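Okay, protein-v8.tsv now, which holds TSV, C-alpha atoms:
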chain	number	residue	atom	x	y	z
A	83	MET	CA	-3.41	-26.93	21.20
A	84	ILE	CA	-5.69	-29.82	21.93
A	85	SER	CA	-7.11	-32.63	19.84
A	86	ILE	CA	-10.76	-33.24	19.11
A	87	GLU	CA	-10.79	-36.13	21.62
A	88	VAL	CA	-9.65	-33.87	24.46
A	89	LEU	CA	-12.02	-31.15	23.31
A	90	VAL	CA	-15.18	-33.23	23.52
A	91	THR	CA	-14.30	-34.16	27.12
A	92	GLN	CA	-13.84	-30.46	27.97
A	93	LEU	CA	-17.20	-29.46	26.53
A	94	PRO	CA	-19.73	-31.93	27.88
A	95	GLY	CA	-22.68	-32.50	25.59
A	96	LEU	CA	-20.80	-31.41	22.49
A	97	ARG	CA	-21.60	-33.80	19.69
A	98	ARG	CA	-18.70	-34.61	17.46
A	99	GLN	CA	-20.85	-34.57	14.33
A	100	ASP	CA	-22.03	-31.04	15.15
A	101	LEU	CA	-18.47	-29.88	15.56
A	102	GLU	CA	-17.39	-31.50	12.32
A	103	ARG	CA	-20.23	-29.80	10.49
A	104	TRP	CA	-19.23	-26.43	11.96
A	105	ILE	CA	-15.70	-27.03	10.79
A	106	ALA	CA	-16.98	-27.93	7.32
A	107	TYR	CA	-18.95	-24.64	7.30
A	108	GLU	CA	-15.75	-22.89	8.45
A	109	TRP	CA	-17.48	-21.48	11.48
A	110	VAL	CA	-14.64	-23.08	13.41
A	111	ARG	CA	-11.21	-23.17	11.79
A	112	PRO	CA	-8.81	-25.42	13.69
A	113	ASP	CA	-5.27	-26.15	12.52
A	114	GLY	CA	-4.50	-29.47	10.86
A	115	VAL	CA	-6.65	-31.64	8.62
A	116	ALA	CA	-9.72	-33.83	9.13
A	117	GLY	CA	-8.87	-36.57	11.60
A	118	HIS	CA	-5.93	-34.58	13.01
A	119	TYR	CA	-7.45	-31.28	14.03
A	120	GLU	CA	-5.63	-29.17	16.61
A	121	PHE	CA	-7.73	-26.63	18.48
A	122	ARG	CA	-6.36	-23.45	20.01
A	123	ALA	CA	-7.90	-21.68	22.97
A	124	ILE	CA	-9.76	-19.28	20.67
A	125	ASP	CA	-11.30	-22.21	18.79
A	126	VAL	CA	-12.54	-23.72	22.04
A	127	ALA	CA	-14.01	-20.39	23.13
A	128	ARG	CA	-15.68	-20.00	19.73
A	129	ILE	CA	-17.23	-23.45	19.95
A	130	ARG	CA	-18.54	-22.54	23.38
A	131	LEU	CA	-19.97	-19.33	21.94
A	132	ILE	CA	-21.64	-21.15	19.04
A	133	ARG	CA	-23.24	-23.58	21.50
A	134	GLU	CA	-24.49	-20.75	23.70
A	135	LEU	CA	-25.91	-18.95	20.70
A	136	ARG	CA	-27.59	-22.07	19.41
A	137	ASP	CA	-28.72	-23.83	22.58
A	138	GLU	CA	-29.36	-20.99	25.00
A	139	MET	CA	-30.27	-18.09	22.76
A	140	GLN	CA	-31.95	-20.23	20.13
A	141	VAL	CA	-30.07	-18.81	17.20
A	142	ASN	CA	-30.59	-21.70	14.81
A	143	GLU	CA	-27.96	-22.87	12.41
A	144	GLU	CA	-29.67	-21.04	9.54
A	145	ALA	CA	-29.09	-17.73	11.29
A	146	LEU	CA	-25.75	-18.58	12.88
A	147	PRO	CA	-23.52	-17.65	9.92
A	148	VAL	CA	-25.08	-14.18	9.84
A	149	VAL	CA	-24.49	-13.72	13.55
A	150	LEU	CA	-20.93	-15.07	13.36
A	151	SER	CA	-20.09	-12.92	10.38
A	152	LEU	CA	-21.35	-9.79	12.15
A	153	LEU	CA	-19.40	-10.73	15.26
A	154	ASP	CA	-16.25	-11.34	13.22
A	155	GLN	CA	-16.60	-7.92	11.65
A	156	LEU	CA	-17.17	-6.34	15.03
A	157	TYR	CA	-14.07	-7.97	16.51
A	158	ASP	CA	-12.03	-7.10	13.44
A	159	LEU	CA	-12.89	-3.49	13.96
A	160	ARG	CA	-12.28	-3.61	17.67
A	161	ARG	CA	-8.90	-5.22	17.06
A	162	ARG	CA	-8.03	-2.46	14.60
A	163	MET	CA	-9.21	0.18	17.02
A	164	ARG	CA	-6.97	-1.35	19.65
A	165	GLU	CA	-4.03	-1.46	17.25
A	166	LEU	CA	-4.70	2.15	16.35
A	167	GLY	CA	-4.83	3.05	20.02
A	168	ASN	CA	-1.58	1.24	20.67
A	169	ALA	CA	0.06	2.92	17.68
A	170	VAL	CA	-1.13	6.33	18.87
A	171	GLY	CA	0.17	5.54	22.36
A	172	ARG	CA	3.56	4.52	20.97
A	173	THR	CA	4.09	7.28	18.43
A	174	VAL	CA	2.04	10.37	19.22
A	175	PRO	CA	3.41	13.02	21.60
A	176	GLY	CA	1.52	13.54	24.84
A	177	GLU	CA	0.18	16.98	23.99
A	178	ILE	CA	-1.48	15.69	20.82
A	179	ARG	CA	-3.01	12.80	22.73
A	180	GLN	CA	-4.32	15.38	25.16
A	181	SER	CA	-5.89	17.31	22.27
A	182	LEU	CA	-7.44	14.08	20.97
A	183	ALA	CA	-8.95	13.33	24.35
A	184	GLU	CA	-10.33	16.87	24.58
A	185	ASP	CA	-11.80	16.65	21.10
A	186	LEU	CA	-13.49	13.33	21.87
A	187	ALA	CA	-14.70	14.19	25.37
A	188	PRO	CA	-18.39	15.04	25.79
A	189	ARG	CA	-19.13	18.76	25.65
B	5	MET	CA	-23.47	-9.67	47.34
B	6	LEU	CA	-25.78	-11.08	44.69
B	7	ASP	CA	-29.41	-10.24	44.15
B	8	ASP	CA	-32.19	-12.69	44.52
B	9	PRO	CA	-31.93	-14.88	41.38
B	10	TYR	CA	-35.72	-14.79	40.86
B	11	LYS	CA	-35.58	-11.00	40.76
B	12	THR	CA	-32.54	-11.10	38.52
B	13	LEU	CA	-34.38	-13.17	35.95
B	14	GLY	CA	-37.66	-11.35	36.59
B	15	VAL	CA	-39.66	-14.49	37.30
B	16	ALA	CA	-42.00	-15.51	40.07
B	17	ARG	CA	-40.94	-17.84	42.89
B	18	ASP	CA	-43.13	-20.54	41.45
B	19	ALA	CA	-42.07	-20.09	37.82
B	20	SER	CA	-41.82	-23.25	35.72
B	21	PRO	CA	-38.44	-24.39	34.37
B	22	ASP	CA	-39.63	-23.29	30.92
B	23	ASP	CA	-40.43	-19.81	32.16
B	24	ILE	CA	-37.00	-19.61	33.74
B	25	SER	CA	-35.26	-20.72	30.52
B	26	ARG	CA	-37.26	-18.22	28.48
B	27	ALA	CA	-36.49	-15.40	30.87
B	28	TYR	CA	-32.82	-16.32	30.89
B	29	ARG	CA	-32.60	-16.48	27.08
B	30	LYS	CA	-34.17	-13.09	26.77
B	31	LEU	CA	-31.70	-11.54	29.19
B	32	ALA	CA	-28.73	-13.44	27.81
B	33	LYS	CA	-29.45	-12.12	24.33
B	34	GLN	CA	-29.44	-8.66	25.78
B	35	HIS	CA	-26.34	-8.86	27.95
B	36	HIS	CA	-24.12	-11.60	26.56
B	37	PRO	CA	-20.57	-10.19	26.75
B	38	ASP	CA	-19.66	-11.53	23.35
B	39	LEU	CA	-22.53	-9.55	21.89
B	40	ASN	CA	-21.57	-6.46	23.89
B	41	PRO	CA	-17.81	-6.26	23.61
B	42	GLY	CA	-16.36	-3.52	25.73
B	43	ASN	CA	-19.52	-3.00	27.70
B	44	ALA	CA	-18.49	-3.82	31.25
B	45	LYS	CA	-21.97	-3.19	32.60
B	46	ALA	CA	-23.48	-5.76	30.26
B	47	GLU	CA	-20.78	-8.20	31.23
B	48	GLU	CA	-21.49	-7.69	34.94
B	49	ARG	CA	-25.16	-8.06	34.28
B	50	PHE	CA	-24.64	-11.20	32.24
B	51	LYS	CA	-22.57	-12.78	34.98
B	52	VAL	CA	-25.35	-12.13	37.45
B	53	VAL	CA	-27.99	-13.45	35.05
B	54	ALA	CA	-25.91	-16.53	34.24
B	55	ALA	CA	-25.31	-17.21	37.91
B	56	ALA	CA	-29.02	-16.83	38.63
B	57	TYR	CA	-29.89	-19.16	35.78
B	58	GLU	CA	-27.31	-21.67	36.82
B	59	LEU	CA	-28.86	-21.80	40.22
B	60	LEU	CA	-32.50	-21.91	39.15
B	61	SER	CA	-32.11	-24.24	36.17
B	62	ASP	CA	-30.71	-26.97	38.39
B	63	PRO	CA	-33.70	-28.42	40.27
B	64	GLU	CA	-31.51	-29.58	43.14
B	65	LYS	CA	-29.75	-26.23	43.60
B	66	ARG	CA	-33.01	-24.39	43.12
B	67	SER	CA	-34.66	-26.34	45.92
B	68	ARG	CA	-31.64	-25.86	48.18
B	69	PHE	CA	-31.76	-22.13	47.52
B	70	ASP	CA	-35.51	-22.11	48.12
B	71	ARG	CA	-34.85	-23.88	51.41
B	72	GLY	CA	-32.21	-21.30	52.23
B	73	GLU	CA	-29.38	-23.83	52.28
B	74	ILE	CA	-27.28	-21.86	49.87
B	75	ASP	CA	-27.21	-18.20	49.04
B	76	ALA	CA	-27.49	-16.69	45.59
B	77	GLY	CA	-23.75	-16.62	45.11
B	78	GLY	CA	-23.06	-19.94	46.77
B	79	HIS	CA	-22.26	-21.77	43.61
B	80	GLU	CA	-20.76	-19.19	41.47
B	81	GLN	CA	-18.60	-20.91	38.92
B	82	ALA	CA	-15.10	-19.76	38.14
B	83	PRO	CA	-15.57	-17.72	35.02
B	84	GLN	CA	-14.31	-19.32	31.81
B	85	PRO	CA	-12.46	-17.09	29.38
B	86	SER	CA	-15.00	-15.73	26.96
B	87	TYR	CA	-14.64	-15.68	23.21
B	88	ARG	CA	-14.13	-11.96	23.36
B	89	ASP	CA	-10.97	-12.37	25.42
B	90	TYR	CA	-9.40	-13.98	22.38
B	91	ALA	CA	-11.25	-12.41	19.49
B	92	GLU	CA	-10.09	-8.89	20.16
B	93	GLY	CA	-6.46	-9.84	20.50
B	94	GLU	CA	-3.90	-11.36	18.19
B	95	PRO	CA	-5.56	-14.83	18.14
B	96	GLY	CA	-8.68	-13.20	16.68
B	97	ARG	CA	-6.97	-12.73	13.31
B	98	ARG	CA	-7.84	-16.38	12.72
B	99	TYR	CA	-11.47	-15.41	12.32
B	100	GLY	CA	-11.06	-12.19	10.37
B	101	ARG	CA	-13.71	-11.07	7.90
B	102	ALA	CA	-12.09	-12.52	4.82
B	103	GLY	CA	-10.24	-15.49	6.24
B	104	PRO	CA	-7.14	-15.37	8.40
B	105	GLN	CA	-5.55	-11.95	8.29
B	106	PRO	CA	-1.91	-11.00	8.09
B	107	GLU	CA	-0.45	-8.68	10.66
B	108	GLY	CA	-0.49	-4.99	9.98
B	109	TRP	CA	-2.96	-2.86	8.12
B	110	SER	CA	-3.84	-3.10	4.46
B	111	ASN	CA	-4.60	-0.17	2.17
B	112	GLU	CA	-8.24	-0.95	2.73
B	113	ASP	CA	-7.87	-0.42	6.45
B	114	PHE	CA	-6.27	2.97	5.89
B	115	GLY	CA	-8.92	3.95	3.40
B	116	ASP	CA	-11.99	2.62	5.21
B	117	ILE	CA	-13.31	4.12	8.42
B	118	PHE	CA	-9.89	5.32	9.50
B	119	GLY	CA	-9.41	7.14	6.21
B	120	SER	CA	-10.33	10.51	7.67
B	121	MET	CA	-7.38	10.22	10.01
B	122	PHE	CA	-4.92	9.90	7.17
B	123	SER	CA	-6.49	12.35	4.75
B	124	GLU	CA	-6.23	16.12	4.66
B	125	ARG	CA	-9.92	16.78	5.03
B	126	GLY	CA	-10.68	18.77	8.14
B	127	ARG	CA	-7.06	19.08	9.07
B	128	PRO	CA	-4.40	21.69	8.56
B	129	ALA	CA	-2.97	21.17	5.10
B	130	GLY	CA	0.10	19.02	4.79
B	131	ASP	CA	-0.34	17.40	8.18
B	132	ALA	CA	0.25	13.65	8.27
B	133	SER	CA	-1.76	12.99	5.13
B	134	ILE	CA	-0.63	10.07	3.05
B	135	ARG	CA	0.48	11.31	-0.32
B	136	GLY	CA	0.59	9.09	-3.38
B	137	LYS	CA	3.92	7.69	-4.52
B	138	ASP	CA	6.04	9.42	-7.13
B	139	GLU	CA	6.36	7.30	-10.24
B	140	ARG	CA	9.45	7.29	-12.47
B	141	TYR	CA	9.29	7.00	-16.21
B	142	ALA	CA	11.85	7.34	-19.00
B	143	LEU	CA	11.32	9.12	-22.27
B	144	THR	CA	13.72	8.97	-25.18
B	145	THR	CA	13.67	11.97	-27.45
B	146	ASP	CA	15.65	12.72	-30.56
B	147	PHE	CA	18.43	15.26	-30.56
B	148	ILE	CA	16.67	17.99	-32.49
B	149	ASP	CA	13.57	17.89	-30.22
B	150	ALA	CA	15.75	18.19	-27.13
B	151	VAL	CA	17.52	21.23	-28.60
B	152	ALA	CA	14.51	23.02	-30.05
B	153	GLY	CA	11.81	21.80	-27.65
B	154	ALA	CA	8.80	19.62	-28.46
B	155	THR	CA	5.76	17.97	-26.95
B	156	ARG	CA	5.85	14.20	-26.77
B	157	ARG	CA	3.07	11.82	-25.75
B	158	LEU	CA	4.00	9.19	-23.18
B	159	THR	CA	1.78	6.14	-22.62
B	160	LEU	CA	1.98	4.93	-19.02
B	161	PRO	CA	1.80	1.27	-17.94
B	162	ASP	CA	-1.70	1.89	-16.55
B	163	GLY	CA	-2.97	3.09	-19.95
B	164	ARG	CA	-3.03	6.82	-19.18
B	165	THR	CA	-1.26	9.10	-21.61
B	166	LEU	CA	0.74	12.14	-20.60
B	167	ASP	CA	1.72	14.97	-22.91
B	168	VAL	CA	5.24	15.79	-21.88
B	169	LYS	CA	6.55	19.20	-22.83
B	170	ILE	CA	10.24	19.01	-23.58
B	171	SER	CA	11.59	22.51	-23.21
B	172	PRO	CA	14.27	23.86	-25.58
B	173	GLY	CA	17.76	22.96	-24.48
B	174	SER	CA	16.80	19.84	-22.53
B	175	THR	CA	19.78	17.70	-21.67
B	176	ASP	CA	20.30	13.96	-21.39
B	177	GLY	CA	19.44	12.67	-17.89
B	178	GLN	CA	17.31	15.70	-17.03
B	179	VAL	CA	14.22	14.85	-14.93
B	180	LEU	CA	10.88	16.54	-15.53
B	181	ARG	CA	8.40	16.58	-12.66
B	182	LEU	CA	4.70	16.48	-13.61
B	183	ARG	CA	2.81	17.36	-10.45
B	184	GLY	CA	-0.06	15.11	-9.43
B	185	GLN	CA	0.52	12.60	-12.24
B	186	GLY	CA	1.94	9.82	-10.04
B	187	SER	CA	-0.02	7.36	-7.89
B	188	GLY	CA	-3.21	8.57	-6.23
B	189	GLY	CA	-3.14	9.51	-2.54
B	190	TRP	CA	-5.13	7.85	0.23
B	191	ASN	CA	-8.61	9.17	0.62
B	192	GLY	CA	-7.99	12.79	-0.19
B	193	GLY	CA	-4.21	12.70	0.14
B	194	ALA	CA	-2.46	14.47	-2.72
B	195	ALA	CA	-1.42	12.38	-5.71
B	196	GLY	CA	2.29	11.82	-6.21
B	197	ASP	CA	4.26	13.26	-9.10
B	198	ALA	CA	5.38	11.66	-12.32
B	199	LEU	CA	9.16	11.97	-12.65
B	200	ILE	CA	10.21	11.66	-16.27
B	201	GLU	CA	13.84	11.16	-17.08
B	202	ILE	CA	14.75	12.45	-20.51
B	203	HIS	CA	17.14	10.44	-22.63
B	204	VAL	CA	18.44	12.25	-25.67
B	205	ALA	CA	19.32	9.98	-28.57
B	206	PRO	CA	22.72	10.75	-30.14
B	207	HIS	CA	22.68	12.52	-33.48
B	208	ARG	CA	24.46	11.42	-36.63
B	209	VAL	CA	25.94	14.85	-37.26
B	210	PHE	CA	25.57	17.11	-34.23
B	211	ARG	CA	27.19	16.87	-30.83
B	212	ARG	CA	26.04	18.88	-27.86
B	213	ASP	CA	28.59	20.84	-25.85
B	214	GLY	CA	26.60	22.80	-23.28
B	215	GLN	CA	24.90	25.54	-25.21
B	216	ASP	CA	27.12	24.99	-28.23
B	217	ILE	CA	26.76	22.44	-30.96
B	218	ARG	CA	29.70	20.92	-32.75
B	219	LEU	CA	29.94	19.10	-36.00
B	220	GLU	CA	32.57	18.02	-38.48
B	221	LEU	CA	32.20	19.60	-41.87
B	222	PRO	CA	33.78	17.80	-44.84
B	223	VAL	CA	35.18	20.15	-47.50
B	224	THR	CA	36.87	19.52	-50.79
B	225	LEU	CA	40.51	20.30	-51.40
B	226	THR	CA	39.46	23.19	-53.61
B	227	GLU	CA	37.17	24.65	-50.91
B	228	ALA	CA	39.95	24.32	-48.36
B	229	VAL	CA	42.59	25.97	-50.49
B	230	LEU	CA	40.61	28.54	-52.39
B	231	GLY	CA	37.74	29.09	-50.00
B	232	GLY	CA	34.12	29.35	-51.10
B	233	PRO	CA	30.52	29.16	-50.05
B	234	VAL	CA	29.33	25.97	-48.30
B	235	GLU	CA	26.02	24.87	-46.82
B	236	VAL	CA	26.21	23.89	-43.14
B	237	PRO	CA	23.42	21.90	-41.42
B	238	THR	CA	22.23	23.38	-38.12
B	239	PRO	CA	19.42	22.24	-35.81
B	240	GLY	CA	17.34	25.12	-37.18
B	241	GLY	CA	17.98	24.18	-40.83
B	242	PRO	CA	20.86	24.60	-43.30
B	243	VAL	CA	22.81	27.84	-43.26
B	244	HIS	CA	25.19	29.25	-45.89
B	245	MET	CA	28.63	30.32	-44.89
B	246	ARG	CA	31.93	31.10	-46.51
B	247	VAL	CA	35.00	28.98	-45.96
B	248	PRO	CA	37.98	31.36	-45.99
B	249	ALA	CA	40.83	30.53	-48.37
B	250	GLN	CA	43.65	28.44	-46.86
B	251	SER	CA	41.43	26.74	-44.30
B	252	ASP	CA	43.29	23.69	-43.13
B	253	SER	CA	41.78	20.40	-41.92
B	254	GLY	CA	40.81	20.92	-38.27
B	255	THR	CA	40.06	24.59	-38.67
B	256	GLU	CA	37.01	25.46	-36.59
B	257	LEU	CA	34.51	27.90	-38.04
B	258	ARG	CA	31.96	29.55	-35.80
B	259	LEU	CA	28.34	30.24	-36.62
B	260	ARG	CA	27.30	32.65	-33.93
B	261	GLY	CA	23.95	31.98	-32.29
B	262	ARG	CA	23.30	28.82	-34.29
B	263	GLY	CA	23.72	26.45	-31.34
B	264	VAL	CA	21.09	25.71	-28.69
B	265	PRO	CA	18.47	28.51	-28.61
B	266	ALA	CA	18.37	30.85	-25.65
B	267	HIS	CA	16.37	29.32	-22.75
B	268	GLY	CA	16.08	29.64	-19.01
B	269	GLY	CA	18.37	32.65	-18.78
B	270	LEU	CA	21.09	31.11	-20.96
B	271	ALA	CA	22.08	32.93	-24.11
B	272	ALA	CA	21.89	31.07	-27.41
B	273	GLY	CA	24.99	28.97	-28.07
B	274	ASN	CA	27.16	28.83	-31.18
B	275	LEU	CA	27.64	26.18	-33.77
B	276	TYR	CA	31.25	25.14	-34.39
B	277	ALA	CA	32.04	23.42	-37.66
B	278	LYS	CA	35.41	21.69	-37.76
B	279	LEU	CA	36.65	21.29	-41.27
B	280	ARG	CA	37.87	18.00	-42.62
B	281	VAL	CA	39.42	17.96	-46.05
B	282	VAL	CA	38.13	15.10	-48.20
B	283	LEU	CA	40.11	14.13	-51.28
B	284	GLY	CA	37.32	12.21	-52.95
B	285	MET	CA	37.73	9.88	-55.91
B	286	PRO	CA	41.19	9.54	-57.56
B	287	ASP	CA	41.77	12.33	-60.04
B	288	ALA	CA	44.42	11.89	-62.77
B	289	ALA	CA	44.81	15.62	-63.43
B	290	LEU	CA	45.40	16.35	-59.75
B	291	GLU	CA	47.97	13.56	-59.54
B	292	ASP	CA	49.81	14.83	-62.66
B	293	PHE	CA	49.87	18.32	-61.25
B	294	LEU	CA	51.25	17.22	-57.89
B	295	ARG	CA	54.05	15.17	-59.53
B	296	THR	CA	55.32	18.27	-61.30
B	297	TRP	CA	54.51	20.72	-58.52
B	298	THR	CA	57.26	22.33	-56.52
B	299	PRO	CA	55.90	23.92	-53.32
B	300	GLU	CA	56.69	27.55	-52.86
B	301	HIS	CA	57.53	27.01	-49.15
B	302	PRO	CA	58.58	23.42	-48.58
B	303	ALA	CA	57.87	22.38	-45.02
B	304	ASN	CA	57.73	19.25	-42.89
B	305	PRO	CA	54.30	19.21	-41.16
B	306	ARG	CA	55.60	16.56	-38.72
B	307	ALA	CA	58.57	18.60	-37.57
B	308	ALA	CA	56.96	19.24	-34.21
B	309	MET	CA	56.36	15.50	-33.68
B	310	GLU	CA	60.03	14.43	-33.60
B	311	VAL	CA	60.82	12.70	-30.35
B	312	SER	CA	64.41	12.80	-29.07
B	313	GLU	CA	65.96	9.58	-27.84
Could you show the structure in this file as structure tokens?
Amino acid sequence: MISIEVLVTQLPGLRRQDLERWIAYEWVRPDGVAGHYEFRAIDVARIRLIRELRDEMQVNEEALPVVLSLLDQLYDLRRRMRELGNAVGRTVPGEIRQSLAEDLAPR
Amino acid sequence: MLDDPYKTLGVARDASPDDISRAYRKLAKQHHPDLNPGNAKAEERFKVVAAAYELLSDPEKRSRFDRGEIDAGGHEQAPQPSYRDYAEGEPGRRYGRAGPQPEGWSNEDFGDIFGSMFSERGRPAGDASIRGKDERYALTTDFIDAVAGATRRLTLPDGRTLDVKISPGSTDGQVLRLRGQGSGGWNGGAAGDALIEIHVAPHRVFRRDGQDIRLELPVTLTEAVLGGPVEVPTPGGPVHMRVPAQSDSGTELRLRGRGVPAHGGLAAGNLYAKLRVVLGMPDAALEDFLRTWTPEHPANPRAAMEVSE
């Protein structure tokens, strides 16, 4: 967990007003309240992603919420797939997993 | 061993910084690992593209590379953890579709794209499908309906109504199972059952004793001593019977087959009427008679009750 002051030194060129706007839009959701935000590693990575999308790929802030929402859905699904995979690994007997693999394998 | 960064970005040796940025953006959009989760090839490609761009976008590094002072991989930066590294794992719940998400799956998750896994469609029946819950309800019925059978309408909390068939001879505490009337199953899973516990309200006159029915039948002194016809209530309606002469209080008279009707392999029960002599209002003539009456066979009815010291 790092504060906004530490964060802006870690991400050179990040303007504080941009970040505060993104937080207001809920594109970034740190812990704490305005003035005392605490950022986790995932928040920092997300800020970096938003900057790459905006500055390098020219996804403007009008389009950003659409892109972020699609990404969030994609990661939600991938997380669930992973959880499903883990649950299958924990609970399903080996021979059934073998059948699953055979059913899914290209024919 | 890294490729020539100019080839990687697909630009000429003399490309302008703008051309290089444009080329990089185009490739980054295509290969960015956060836009291609799980695609290792795209990730590899992106790393190469990013490294090439890093080199060529910095005029100083670009000129050093052009002069051959550094090779294409000479300034590869230690990779920073990408958003994907977090988003797919536990920390990613923070940015779930509809706000932060609790651990574990909701009904929606089971019913959505994974629904087919938990439904019976395309699978051998009865295998791992998620069946709806059984729901319990209580139904109070009156005594006569429980004995003779009836159909009662039950309104459920969710507004549905169920017509519950109470079979003849139902007993208090008996549970009826209505298949498929409980909660719905998940995406094709069978609905649960409605379990209805029958409560039989007590009756003013009748008492249930298995298949038999018992009641207490008040009779007058005259009927008890001299006998005579009386009307006896039964669950099926009043029935006439004869009280034999000299029927004492407590005498039990049987009405064969007038108890609970035959059902489920059980024969019809009997109705047992226990007589109780009722003196009624004071009667001067009766009192006068008793004062002058000498019993033919004097007896002490309490003789058997004497307790020795």
Point-to-point distance from atom CA of Lys11 of chain B to atom CA of Val53 of chain B, Å rounded to tenths: 9.8 Å
As a PyMOL selection string, please: the residues near segment 146-163 of chain A (cut-off 7 Å, all atoms listed in the file, same-chain neighbours under 6 positions excluded). chain B and resi 91-93+99-101
For Val126 of chain A: contacts at 12 Å, all atoms listed in the file, fewer than 3 positions along chain excluded, given as a PyMOL selection string: (chain A and resi 83-86+88-93+96+101+109-112+120-123+129-133) or (chain B and resi 84-91+95)
Report the centre and edge lengths, in Å to one decimal, of an axis-aligned box enclosing every atom of segment 112-115 of chain A listed in the file, padded by 3 Å on each side, as JSON.
{"center_x": -6.7, "center_y": -28.5, "center_z": 11.2, "size_x": 10.3, "size_y": 12.2, "size_z": 11.1}
Nearby residues (only C-alpha atoms) at most 6 Å from segment 138-141 of chain A, same-chain spacing under 3 positions excluded, as a VMD selection string: (chain A and resid 134 to 135) or (chain B and resid 29)
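Between atom CA of Ala195 of chain B and atom CA of Asp167 of chain B the interatomic distance comes to 17.7 Å.
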Residues at most 10 Å from segment 283-299 of chain B, counting all atoms listed in the file, excluding those fewer than 3 positions away in the same chain, as a list in words?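 The residues satisfying every condition are Pro222, Val223, Thr224, Leu225, Thr226, Arg280, Pro302 and Ala303 of chain B.
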Taking only C-alpha atoms into account, which of A:Trp104, A:Ile178, A:Ala183, A:Asn142 comes nearest Asp125 of chain A? A:Trp104
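When all atoms listed in the file are used to compute distances to chain B, the closest of the residues A:Pro188, A:Gly167, A:Gly95, A:Gly176 turns out to be A:Gly167.
Counting from atom CA of His203 of chain B, the distance to atom CA of Thr165 of chain B is 18.5 Å.
The shortest atom-to-atom distance to chain A, with only C-alpha atoms taken into account, belongs to B:Glu107 out of B:Glu107, B:Glu256, B:Asp146, B:Asp197.
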Test item: which residues lie within 12 Å of (-22.1, -6.6, 29.8) counting all atoms listed in the file, as a list in words: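 Answer for this query, in the requested form: Leu31, Ala32, Lys33, Gln34, His35, His36, Pro37, Asp38, Leu39, Asn40, Pro41, Gly42, Asn43, Ala44, Lys45, Ala46, Glu47, Glu48, Arg49, Phe50, Lys51, Val52, Val53, Ala54, Ser86 and Arg88 of chain B.
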Using all atoms listed in the file for the distances, tell me which of A:Ala169, A:Ile124, A:Ile105, A:Ala145 is nearest to chain B.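 Closest to chain B, using all atoms listed in the file: A:Ile124.
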